[in-house]
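Inspection log for the structure reproduced underneath, given as structure tokens.
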There are 6 protein chains.
Amino acid sequence: MPYVNIKITRDGATAEQKAQLIKGVTELLVNVLGKNPASLVVVIDEVDTDNWGIAGETVTARRQVEK
Amino acid sequence: MPYVNIKITRDGATAEQKAQLIKGVTELLVNVLGKNPASLVVVIDEVDTDNWGIAGETVTARRQVEK
Amino acid sequence: MPYVNIKITRDGATAEQKAQLIKGVTELLVNVLGKNPASLVVVIDEVDTDNWGIAGETVTARRQVEK
Amino acid sequence: MPYVNIKITRDGATAEQKAQLIKGVTELLVNVLGKNPASLVVVIDEVDTDNWGIAGETVTARRQVEK
Amino acid sequence: MPYVNIKITRDGATAEQKAQLIKGVTELLVNVLGKNPASLVVVIDEVDTDNWGIAGETVTARRQVEK
Amino acid sequence: MPYVNIKITRDGATAEQKAQLIKGVTELLVNVLGKNPASLVVVIDEVDTDNWGIAGETVTARRQVEK
């Protein structure tokens, strides 16, 4: 029954990796809380690095500094 | 005053259908709770089937099995 | 399959009214988009009026002005 | 950097179980996507069964039927 | 530590404007609540005007009326 | 028209501080993007420290270590 929303930056996660996230988080909730997986919903949002901020800066800007 | 977020898979919902969802959910909240519709906000997110999981599998994978 | 989140102020909505919202929004998505209701999830959040702002003011403050 | 929101019904999940969810989902994102855990945020919302609907009914109502 | 999600209509906000929002909301939380900015995350979602409703109508429809 | 959701840990933020956050974020969106404040909605969620994780640990656990 749980609902999980995972937000990551849009960095080329593959369909296979996203399937692994969905499988993994579903198993985690089944194992830890004994939830029924049948209606367990996971939604992954991929967000542009211009639209994601940490510590007051966009991820785009942080990566330019790191280079 | 309420805020409603509707997440659906990206499956070709038309602008007309999305307008019907917005109208319908607004009327529902006005009818059931007597809310003022003036600042009632509805946001629809359309999510790729690779990014939506049910029961530990992506919707993409589930549809391939169903074929 | 859709997921719907409804946020309302905490104003004494009854269990019956919340059940009507859940039933109504589910029927709306089935009727407009032909969605399967089996894994259609609705979550209602009730938010204190101190924690809800419109036009730069809390709902608490707006209601005091309206009195 | 990711942000994860887990919504579950309020059913007595212990602090220990919630810590396991947070640890598990963080490890999953590190393992699958190679994300840096330092700013990886997880928020768990516990929702009353009157406020959670599946297939058009509240979880409260579904559990009464199941008894 | 806070997490902020800003949803706006997709109307050509520039990278510079989005960086200003991220900087501004981070400073606000530091100033008002004394939060540590290091793990303060801001995510901006840009939503099509067909997918955003106010008062029961899409923003697309409201703008056509206003013309 | 924007919608803003601010999630903070439940740490005794006062009604006055929450009103300042609502006012400040509304002004920010008006100043940076020229948005009309009339239907600009802000919702603040206060989350228990057991339910908030950073870097794989709950905030409750991190604070015990810091003591």
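Chain labels run A, B, ... following the order of the structure tokens; each chain numbers its residues from 1, and ligands are numbered from 1 in the order shown.
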
At a cut-off of 8 Å, which residues of chain F touch chain E? Count only C-alpha atoms and give the answer as an mmCIF file with N, CA, C and O atoms, in the first residue's frame.
```
data_model
loop_
_atom_site.group_PDB
_atom_site.id
_atom_site.type_symbol
_atom_site.label_atom_id
_atom_site.label_comp_id
_atom_site.auth_asym_id
_atom_site.auth_seq_id
_atom_site.Cartn_x
_atom_site.Cartn_y
_atom_site.Cartn_z
ATOM 1 N N MET F 1 0.246 32.222 -8.812
ATOM 2 C CA MET F 1 -0.204 30.897 -9.175
ATOM 3 C C MET F 1 0.706 29.783 -8.672
ATOM 4 O O MET F 1 0.238 28.645 -8.582
ATOM 5 N N PRO F 2 1.946 30.080 -8.337
ATOM 6 C CA PRO F 2 2.803 28.959 -7.931
ATOM 7 C C PRO F 2 2.287 28.256 -6.674
ATOM 8 O O PRO F 2 1.438 28.776 -5.942
ATOM 9 N N TYR F 3 2.842 27.065 -6.468
ATOM 10 C CA TYR F 3 2.589 26.280 -5.266
ATOM 11 C C TYR F 3 3.942 25.932 -4.655
ATOM 12 O O TYR F 3 4.831 25.448 -5.370
ATOM 13 N N VAL F 4 4.093 26.198 -3.367
ATOM 14 C CA VAL F 4 5.351 25.934 -2.689
ATOM 15 C C VAL F 4 5.087 25.034 -1.487
ATOM 16 O O VAL F 4 4.167 25.297 -0.701
ATOM 17 N N ASN F 5 5.872 23.985 -1.358
ATOM 18 C CA ASN F 5 5.797 23.097 -0.197
ATOM 19 C C ASN F 5 7.141 23.143 0.519
ATOM 20 O O ASN F 5 8.185 22.884 -0.083
ATOM 21 N N ILE F 6 7.091 23.503 1.799
ATOM 22 C CA ILE F 6 8.298 23.587 2.617
ATOM 23 C C ILE F 6 8.211 22.501 3.682
ATOM 24 O O ILE F 6 7.254 22.474 4.452
ATOM 25 N N LYS F 7 9.184 21.604 3.698
ATOM 26 C CA LYS F 7 9.215 20.570 4.727
ATOM 27 C C LYS F 7 10.360 20.866 5.685
ATOM 28 O O LYS F 7 11.504 21.030 5.245
ATOM 29 N N ILE F 8 10.032 20.937 6.969
ATOM 30 C CA ILE F 8 11.043 21.178 7.994
ATOM 31 C C ILE F 8 10.842 20.140 9.107
ATOM 32 O O ILE F 8 9.773 19.545 9.225
ATOM 33 N N THR F 9 11.877 19.930 9.916
ATOM 34 C CA THR F 9 11.678 19.061 11.080
ATOM 35 C C THR F 9 10.819 19.807 12.107
ATOM 36 O O THR F 9 10.821 21.032 12.179
ATOM 37 N N ALA F 13 9.002 25.521 15.505
ATOM 38 C CA ALA F 13 8.816 26.760 14.735
ATOM 39 C C ALA F 13 7.532 27.421 15.221
ATOM 40 O O ALA F 13 6.499 26.763 15.379
ATOM 41 N N GLN F 17 7.052 32.627 12.990
ATOM 42 C CA GLN F 17 8.111 32.220 12.042
ATOM 43 C C GLN F 17 7.503 31.613 10.777
ATOM 44 O O GLN F 17 7.963 31.884 9.666
ATOM 45 N N GLN F 20 6.300 34.294 8.621
ATOM 46 C CA GLN F 20 7.417 34.963 7.924
ATOM 47 C C GLN F 20 7.877 34.154 6.704
ATOM 48 O O GLN F 20 8.216 34.717 5.668
ATOM 49 N N LEU F 21 7.918 32.822 6.866
ATOM 50 C CA LEU F 21 8.301 31.978 5.720
ATOM 51 C C LEU F 21 7.307 32.165 4.575
ATOM 52 O O LEU F 21 7.685 32.293 3.411
ATOM 53 N N GLY F 24 7.738 35.599 3.060
ATOM 54 C CA GLY F 24 9.017 35.735 2.363
ATOM 55 C C GLY F 24 9.053 34.983 1.045
ATOM 56 O O GLY F 24 9.528 35.509 0.029
ATOM 57 N N VAL F 25 8.552 33.761 1.026
ATOM 58 C CA VAL F 25 8.618 32.982 -0.203
ATOM 59 C C VAL F 25 7.639 33.537 -1.241
ATOM 60 O O VAL F 25 7.912 33.499 -2.448
ATOM 61 N N LEU F 28 9.370 36.528 -2.742
ATOM 62 C CA LEU F 28 10.454 36.060 -3.618
ATOM 63 C C LEU F 28 9.910 35.703 -5.008
ATOM 64 O O LEU F 28 10.477 36.104 -6.032
ATOM 65 N N LEU F 29 8.806 34.966 -5.045
ATOM 66 C CA LEU F 29 8.257 34.551 -6.332
ATOM 67 C C LEU F 29 7.665 35.733 -7.092
ATOM 68 O O LEU F 29 7.723 35.784 -8.324
ATOM 69 N N VAL F 32 11.004 37.710 -8.314
ATOM 70 C CA VAL F 32 11.881 37.060 -9.296
ATOM 71 C C VAL F 32 11.121 36.731 -10.583
ATOM 72 O O VAL F 32 11.651 36.882 -11.686
ATOM 73 N N LEU F 33 9.893 36.277 -10.455
ATOM 74 C CA LEU F 33 9.169 35.796 -11.641
ATOM 75 C C LEU F 33 7.962 36.658 -12.007
ATOM 76 O O LEU F 33 7.279 36.378 -13.000
#
```

Looking only at alpha helix (DSSP H) from DSSP on the backbone, list the matching residues of chain E as a CSV table (one decimal) with C-alpha atoms, in the first residue's frame.
```csv
chain,number,residue,atom,x,y,z
E,15,ALA,CA,18.3,29.4,-15.5
E,16,GLU,CA,19.3,32.7,-13.8
E,17,GLN,CA,15.8,33.2,-12.4
E,18,LYS,CA,15.7,29.7,-11.1
E,19,ALA,CA,19.1,30.2,-9.4
E,20,GLN,CA,17.7,33.3,-7.8
E,21,LEU,CA,14.7,31.4,-6.4
E,22,ILE,CA,17.0,28.7,-5.0
E,23,LYS,CA,19.3,31.2,-3.4
E,24,GLY,CA,16.4,33.3,-2.1
E,25,VAL,CA,14.4,30.5,-0.5
E,26,THR,CA,17.6,29.1,1.1
E,27,GLU,CA,18.5,32.4,2.7
E,28,LEU,CA,14.9,32.8,3.9
E,29,LEU,CA,15.1,29.5,5.8
E,30,VAL,CA,18.5,30.3,7.2
E,31,ASN,CA,17.3,33.7,8.4
E,32,VAL,CA,13.9,32.8,9.8
E,33,LEU,CA,14.6,29.4,11.3
E,59,VAL,CA,-4.3,28.0,-17.1
E,60,THR,CA,-4.3,27.6,-20.8
E,61,ALA,CA,-8.1,28.2,-20.9
E,62,ARG,CA,-7.9,31.1,-18.5
E,63,ARG,CA,-5.3,32.9,-20.6
E,64,GLN,CA,-7.4,32.6,-23.7
E,65,VAL,CA,-10.3,34.3,-21.9
E,66,GLU,CA,-8.0,37.1,-20.7
```

When DSSP works through the backbone of this structure, what residues of chain F end up as strand (DSSP E), shown as an mmCIF file with N, CA, C and O atoms, in the first residue's frame?
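Saved result, part.cif, follows:
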```
data_model
loop_
_atom_site.group_PDB
_atom_site.id
_atom_site.type_symbol
_atom_site.label_atom_id
_atom_site.label_comp_id
_atom_site.auth_asym_id
_atom_site.auth_seq_id
_atom_site.Cartn_x
_atom_site.Cartn_y
_atom_site.Cartn_z
ATOM 1 N N TYR F 3 2.842 27.065 -6.468
ATOM 2 C CA TYR F 3 2.589 26.280 -5.266
ATOM 3 C C TYR F 3 3.942 25.932 -4.655
ATOM 4 O O TYR F 3 4.831 25.448 -5.370
ATOM 5 N N VAL F 4 4.093 26.198 -3.367
ATOM 6 C CA VAL F 4 5.351 25.934 -2.689
ATOM 7 C C VAL F 4 5.087 25.034 -1.487
ATOM 8 O O VAL F 4 4.167 25.297 -0.701
ATOM 9 N N ASN F 5 5.872 23.985 -1.358
ATOM 10 C CA ASN F 5 5.797 23.097 -0.197
ATOM 11 C C ASN F 5 7.141 23.143 0.519
ATOM 12 O O ASN F 5 8.185 22.884 -0.083
ATOM 13 N N ILE F 6 7.091 23.503 1.799
ATOM 14 C CA ILE F 6 8.298 23.587 2.617
ATOM 15 C C ILE F 6 8.211 22.501 3.682
ATOM 16 O O ILE F 6 7.254 22.474 4.452
ATOM 17 N N LYS F 7 9.184 21.604 3.698
ATOM 18 C CA LYS F 7 9.215 20.570 4.727
ATOM 19 C C LYS F 7 10.360 20.866 5.685
ATOM 20 O O LYS F 7 11.504 21.030 5.245
ATOM 21 N N ILE F 8 10.032 20.937 6.969
ATOM 22 C CA ILE F 8 11.043 21.178 7.994
ATOM 23 C C ILE F 8 10.842 20.140 9.107
ATOM 24 O O ILE F 8 9.773 19.545 9.225
ATOM 25 N N THR F 9 11.877 19.930 9.916
ATOM 26 C CA THR F 9 11.678 19.061 11.080
ATOM 27 C C THR F 9 10.819 19.807 12.107
ATOM 28 O O THR F 9 10.821 21.032 12.179
ATOM 29 N N VAL F 41 0.051 29.643 -3.316
ATOM 30 C CA VAL F 41 -0.206 28.806 -2.146
ATOM 31 C C VAL F 41 1.111 28.282 -1.576
ATOM 32 O O VAL F 41 1.988 27.855 -2.329
ATOM 33 N N VAL F 42 1.242 28.353 -0.257
ATOM 34 C CA VAL F 42 2.410 27.799 0.428
ATOM 35 C C VAL F 42 1.903 26.829 1.502
ATOM 36 O O VAL F 42 1.003 27.179 2.275
ATOM 37 N N VAL F 43 2.459 25.628 1.534
ATOM 38 C CA VAL F 43 2.102 24.655 2.562
ATOM 39 C C VAL F 43 3.383 24.228 3.285
ATOM 40 O O VAL F 43 4.362 23.842 2.639
ATOM 41 N N ILE F 44 3.364 24.343 4.613
ATOM 42 C CA ILE F 44 4.516 23.954 5.436
ATOM 43 C C ILE F 44 4.193 22.634 6.128
ATOM 44 O O ILE F 44 3.160 22.509 6.787
ATOM 45 N N ASP F 45 5.056 21.639 5.946
ATOM 46 C CA ASP F 45 4.913 20.368 6.663
ATOM 47 C C ASP F 45 5.994 20.278 7.733
ATOM 48 O O ASP F 45 7.181 20.473 7.439
ATOM 49 N N GLU F 46 5.593 19.967 8.951
ATOM 50 C CA GLU F 46 6.554 19.748 10.034
ATOM 51 C C GLU F 46 6.640 18.242 10.284
ATOM 52 O O GLU F 46 5.626 17.588 10.495
ATOM 53 N N VAL F 47 7.861 17.724 10.239
ATOM 54 C CA VAL F 47 8.094 16.285 10.207
ATOM 55 C C VAL F 47 8.890 15.876 11.449
ATOM 56 O O VAL F 47 9.890 16.515 11.787
ATOM 57 N N TRP F 52 12.761 11.770 9.508
ATOM 58 C CA TRP F 52 13.592 12.525 8.555
ATOM 59 C C TRP F 52 14.992 11.925 8.566
ATOM 60 O O TRP F 52 15.609 11.832 9.633
ATOM 61 N N GLY F 53 15.468 11.537 7.390
ATOM 62 C CA GLY F 53 16.794 10.959 7.298
ATOM 63 C C GLY F 53 17.722 11.801 6.446
ATOM 64 O O GLY F 53 17.300 12.384 5.453
ATOM 65 N N ILE F 54 18.976 11.858 6.855
ATOM 66 C CA ILE F 54 20.040 12.441 6.023
ATOM 67 C C ILE F 54 21.217 11.480 6.072
ATOM 68 O O ILE F 54 21.581 10.990 7.148
ATOM 69 N N GLU F 57 20.827 8.198 8.053
ATOM 70 C CA GLU F 57 20.481 8.165 9.475
ATOM 71 C C GLU F 57 19.325 9.110 9.768
ATOM 72 O O GLU F 57 19.190 10.153 9.136
ATOM 73 N N THR F 58 18.556 8.787 10.812
ATOM 74 C CA THR F 58 17.504 9.722 11.213
ATOM 75 C C THR F 58 18.139 10.960 11.850
ATOM 76 O O THR F 58 19.239 10.893 12.424
#
```

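As for atom CA of Gly56 of chain A and atom CA of Asn36 of chain E, they are spaced 10.8 Å apart.
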
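Atom pair atom CA of Asp48 of chain C / atom CA of Asn51 of chain F has a distance of 19.0 Å (rounded to one decimal).
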